[in-house]
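Below: the structure, in structure tokens.
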Amino acid sequence: MAVRATVSRFPVTQAALDECGIQWGISVTPFAAADELGQPPAIADRGDRLPRCERCWAYFNTFCDVERWGWACALCSTLNGFDDDAVRRFQRPEACPELSASFIDFEIPVDEADGAGEGVTARPVYVAAVDLACSEEFLELIKSALLAALEALIPGSLFGLITFSHKIGLYDVQGPMPVVKNVFIPPDSEEDGLAVALEDAMPLLSFLAPVDTCKDRIAAALDTLRPTSSWERGAASGQEPDTVLLGGRGFGTAMSSLIDYLSSEYGSTFALARVFAFLSGAPDYGDGQLDTRRYGEQYASKGEDADLALLPEQIPFYRDLAAVAVQSGVCVDIFAVTDEYTDLASLKFLSIESGGSLFLYASADDSTLPQDIYRLLSRPYAFGCVLRLRTSPDFEPGHSYGHFFPDPQYENVQHIICCDSFATYAYDFDFTHADGFSRHTEPAVVQIAFQYSVIEPVEEASGNDSQSYPRFCLKRRLRIKTLQYRPANNINEIYDSVDQEAVLHILVHKVILVSLENGVREGRHSVHDWLAILITRYNDALRSDPRNPESHIDIDFSQCPHLQTIPQFVFGLLRSPLLRLHEEGIHPDYRIYLQCLFSALEPSSLAKAIYPLLISYSSPNKQAFPRHTLSRAALTMSESPIFLLDAFTNLIVYYSSTADPSLPFPPPHDCLLRTKINALKQDRCITPKLTFVRGGQDDSSLFENYLIEEQDVDGSGYASGNGFIAFREGIRNEVAEILKEESGS
């Protein structure tokens, strides 16, 4: 569990928080294998025996004051007594990590009657749902991706293959030849479901095949997949074949039926079923049809905000279906491969609210889909998660951000259906009263409890051949991390403790929320205004020192290194497709994809996605400088021949046009630069595209488009070459106006 606070020295009062202008909150990556310092958790058993505070229900931790018969809660100071069991255990402190460690993973014993334990078979279940109302290129990509997925699945997993178009195809691959049973989808959503239930067409346990013994037959079944013909789609829809190009995509009906199909084995065969849905376009047949004509509306001529019109969902069908999926133990990942408008604004809820992810690829030609799905299946994940954040009484969580849903009964409790080691969430803080921290000398305390389930293989005794497949058991664990933060004595201590990437993390979550509620323009205004207020408050602090002249306005945070990249982060955010306007050519589906992606990233990854990292190399084996500004001037001044640009989704190696021709291009596989690239690719939730560009010979536009400091924030591109400079001056003028108004002059 990695936790990063926007400031490590907390503001003392509401007035101090207002005076500093900084976002106040934390980011949490609960299933990360290590904490923010790279340290793994201590391991303990019997988390059910861990003492809890009678008043605030916080867990006992190493910051509590301990006496022989009792303890004082580190959060609320309540005195609690130990029961006889705790007294006996704490007499052997070396066996009780909670006495010395602040980050612990506890095993929770669960009765097998409650659906867990080593006696319960809980096999990993995966289902691929493939769109056949598609092109040949799309289908070849999906076949390649699923072959990669099969290699990543652990032995003992069950795999099912289902296709959809104007009909649903169920594949039985457990016999000598793959067999497909088709169920036709009613074309109109008003009709009452399928004529034949999927369970009646094929028993679920015939559909779910063990990967160990059926991998070759699954591959053979994939090889038989073909796009549905226009004749088939026309016959099903009652249209002339010549008038049907693509379409007949009954995605909504297929997913609804599949979730119902799987639900019968939830809690017996599996504890979580993961569905990978591959889409080549918008659903246009059966239930959950989406009208793509709204993308072609002339919003500007009608005086409407296109971004505000295209960001909301059209229908609640997929949000409602996600709720059914959660109750059925089904998590859905959506992989959309299309450059056509698909209305991800409506579809996204099926993935993110069922615990899955949303992926978008503009074309099948250079897609990283096979690598992405292999990564997705190769990393560990937890499910059935509950995340609870507690604080000492003087402050509390305000808003929470991320792909989870709140508990309907308890405050500050979030449920996460499926969580991997990259998934990150955020909270901002509010004071519970205007006086702030009542005791300025005592630290503020934050405790995060993360309860989750994992499926683990059970080691069989040698010679035990009672089952033909590996056994799995369901484990329940409780991960607890307790942190202390000292209140700041003055504003300088707050500024000197800022984590700029954590600030950006909270800011991006807030601006996404504003954009969804009020439109992208309002989101742009909110982030611009926040920066102006932050710089104003910083200059107020400078002017409190008589040695600083009042006439000078410092917009570069020259006296505070911990704030100096924030203007560049904000500029990068305004230039990002996340906040660029519809009329600049930003596809609404791409914006939705970025909202979903950015909402799940941890702070360092998000910072690279917003303001890419540019590193220079004097040779493939020698780094020159670790960070440059994103401008042509930086390239010229560095005099380095090689640059590595890390934009999170893209890695670009750029050789300048003046580079020595003797330098090997592309860089050798055994050099320092390649080692850096490989490390970056491994430490990522998605597969970045790697591109090598030789300046003066290759098209350099991909690399040059990331040199955003020479672009204007209004989207006019390379104008005078003063994009960031002009932005700074605009902020300076705005700050001067605010200071003038506040001084009354």
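Residue numbering restarts at 1 for every chain of the structure tokens, chains are lettered A, B, ... in their displayed order, and ligands are numbered from 1 as they appear.
Taking segment 69-157 of chain A and asking which residues DSSP calls strand (DSSP E or B) on the backbone, you get Gly70, Trp71, Ala72, Leu79, Asn80, Gly81, Phe103, Ile104, Asp105, Phe106, Glu107, Ile108, Gly117, Val125, Tyr126, Val127, Ala128, Ala129, Val130 and Asp131 of chain A.
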Would you write out those residues with N, CA, C and O atoms, as a CSV table (one decimal), in the first residue's frame?
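Saved file part.csv follows:
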```csv
chain,number,residue,atom,x,y,z
A,70,GLY,N,-4.1,-2.0,29.0
A,70,GLY,CA,-4.8,-1.2,28.1
A,70,GLY,C,-4.0,-0.4,27.2
A,70,GLY,O,-2.8,-0.4,27.2
A,71,TRP,N,-4.7,0.4,26.3
A,71,TRP,CA,-4.0,1.2,25.3
A,71,TRP,C,-4.8,2.5,25.0
A,71,TRP,O,-6.1,2.5,25.1
A,72,ALA,N,-4.2,3.5,24.6
A,72,ALA,CA,-4.8,4.8,24.2
A,72,ALA,C,-4.8,4.9,22.7
A,72,ALA,O,-3.7,4.7,22.0
A,79,LEU,N,-9.2,5.6,25.9
A,79,LEU,CA,-8.5,4.5,26.6
A,79,LEU,C,-9.3,3.2,26.4
A,79,LEU,O,-10.5,3.2,26.6
A,80,ASN,N,-8.6,2.2,26.0
A,80,ASN,CA,-9.3,0.9,25.8
A,80,ASN,C,-8.6,-0.2,26.6
A,80,ASN,O,-7.3,-0.1,26.8
A,81,GLY,N,-9.3,-1.2,27.0
A,81,GLY,CA,-8.7,-2.3,27.7
A,81,GLY,C,-8.4,-3.4,26.8
A,81,GLY,O,-9.0,-3.6,25.7
A,103,PHE,N,2.7,-0.8,8.9
A,103,PHE,CA,2.2,-1.3,7.6
A,103,PHE,C,2.2,-2.9,7.7
A,103,PHE,O,3.3,-3.5,7.7
A,104,ILE,N,1.0,-3.4,7.8
A,104,ILE,CA,0.9,-4.9,8.1
A,104,ILE,C,-0.2,-5.5,7.3
A,104,ILE,O,-1.2,-4.9,7.0
A,105,ASP,N,0.1,-6.7,6.8
A,105,ASP,CA,-0.9,-7.5,6.1
A,105,ASP,C,-1.3,-8.7,7.0
A,105,ASP,O,-0.5,-9.5,7.4
A,106,PHE,N,-2.6,-8.7,7.5
A,106,PHE,CA,-3.1,-9.7,8.3
A,106,PHE,C,-3.9,-10.7,7.6
A,106,PHE,O,-4.7,-10.4,6.7
A,107,GLU,N,-3.7,-12.0,7.9
A,107,GLU,CA,-4.6,-13.0,7.4
A,107,GLU,C,-5.9,-13.0,8.3
A,107,GLU,O,-5.8,-12.9,9.5
A,108,ILE,N,-7.0,-13.2,7.6
A,108,ILE,CA,-8.3,-13.2,8.4
A,108,ILE,C,-8.9,-14.7,8.2
A,108,ILE,O,-9.1,-15.1,7.1
A,117,GLY,N,-11.8,-20.5,2.4
A,117,GLY,CA,-10.9,-21.5,3.0
A,117,GLY,C,-10.4,-22.6,2.1
A,117,GLY,O,-10.8,-22.6,0.9
A,125,VAL,N,-11.9,-17.8,-13.3
A,125,VAL,CA,-12.7,-18.0,-14.5
A,125,VAL,C,-12.5,-16.7,-15.3
A,125,VAL,O,-12.6,-15.6,-14.9
A,126,TYR,N,-12.3,-17.0,-16.6
A,126,TYR,CA,-12.1,-15.9,-17.6
A,126,TYR,C,-13.0,-16.2,-18.8
A,126,TYR,O,-13.1,-17.3,-19.3
A,127,VAL,N,-13.7,-15.2,-19.3
A,127,VAL,CA,-14.5,-15.3,-20.5
A,127,VAL,C,-14.2,-14.2,-21.5
A,127,VAL,O,-14.1,-13.0,-21.2
A,128,ALA,N,-13.9,-14.6,-22.8
A,128,ALA,CA,-13.7,-13.7,-23.9
A,128,ALA,C,-15.0,-13.5,-24.6
A,128,ALA,O,-15.6,-14.5,-25.1
A,129,ALA,N,-15.5,-12.3,-24.8
A,129,ALA,CA,-16.7,-12.0,-25.6
A,129,ALA,C,-16.2,-11.2,-26.8
A,129,ALA,O,-15.8,-10.1,-26.7
A,130,VAL,N,-16.4,-11.8,-28.0
A,130,VAL,CA,-15.8,-11.2,-29.2
A,130,VAL,C,-16.9,-10.7,-30.1
A,130,VAL,O,-17.8,-11.5,-30.4
A,131,ASP,N,-16.7,-9.5,-30.6
A,131,ASP,CA,-17.6,-8.9,-31.5
A,131,ASP,C,-17.3,-9.4,-32.9
A,131,ASP,O,-16.2,-9.3,-33.4
```
Quick one: everything within 7 Å of Ser453 of chain A, counting only C-alpha atoms, minus sequence neighbours fewer than 4 positions away in the same chain. Send it as a PyMOL selection string. chain A and resi 382-385+474-477
Set the distance at 9 Å and use only C-alpha atoms: which residues neighbour Phe317 of chain A once local chain neighbours fewer than 5 positions away are removed? I'd like the list as a CSV table (one decimal) with C-alpha atoms, in the first residue's frame.
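Once everything was written out, this is result.csv:
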```
chain,number,residue,atom,x,y,z
A,252,GLY,CA,-26.0,-5.2,-24.6
A,287,ASP,CA,-30.9,-4.2,-25.8
A,288,GLY,CA,-28.5,-1.3,-25.0
A,322,ALA,CA,-22.7,-3.1,-14.0
A,346,SER,CA,-22.3,5.2,-21.9
A,347,LEU,CA,-20.3,2.0,-22.2
A,350,LEU,CA,-20.0,-1.4,-17.4
```
Pull the helix (DSSP H, G or I) assignments for segment 7-215 of chain A out of DSSP run on the backbone, and list those residues as a ChimeraX atom specification. /A:14-20,47-49,84-90,93-95,97-99,112-114,136-152,198-201,204-207,211-215
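Residues in contact with Lys481 of chain A at up to 10 Å, not including ones fewer than 5 positions away on its chain and judged by only C-alpha atoms, are Met1, Ala2, Val3, Pro30, Asp35, Pro41, Tyr59, Asn61, Ala101, Ser102, Phe103, Ile104, Asp105, Leu389, Val446, Gln447, Ile448, Ala449 and Phe450 of chain A.
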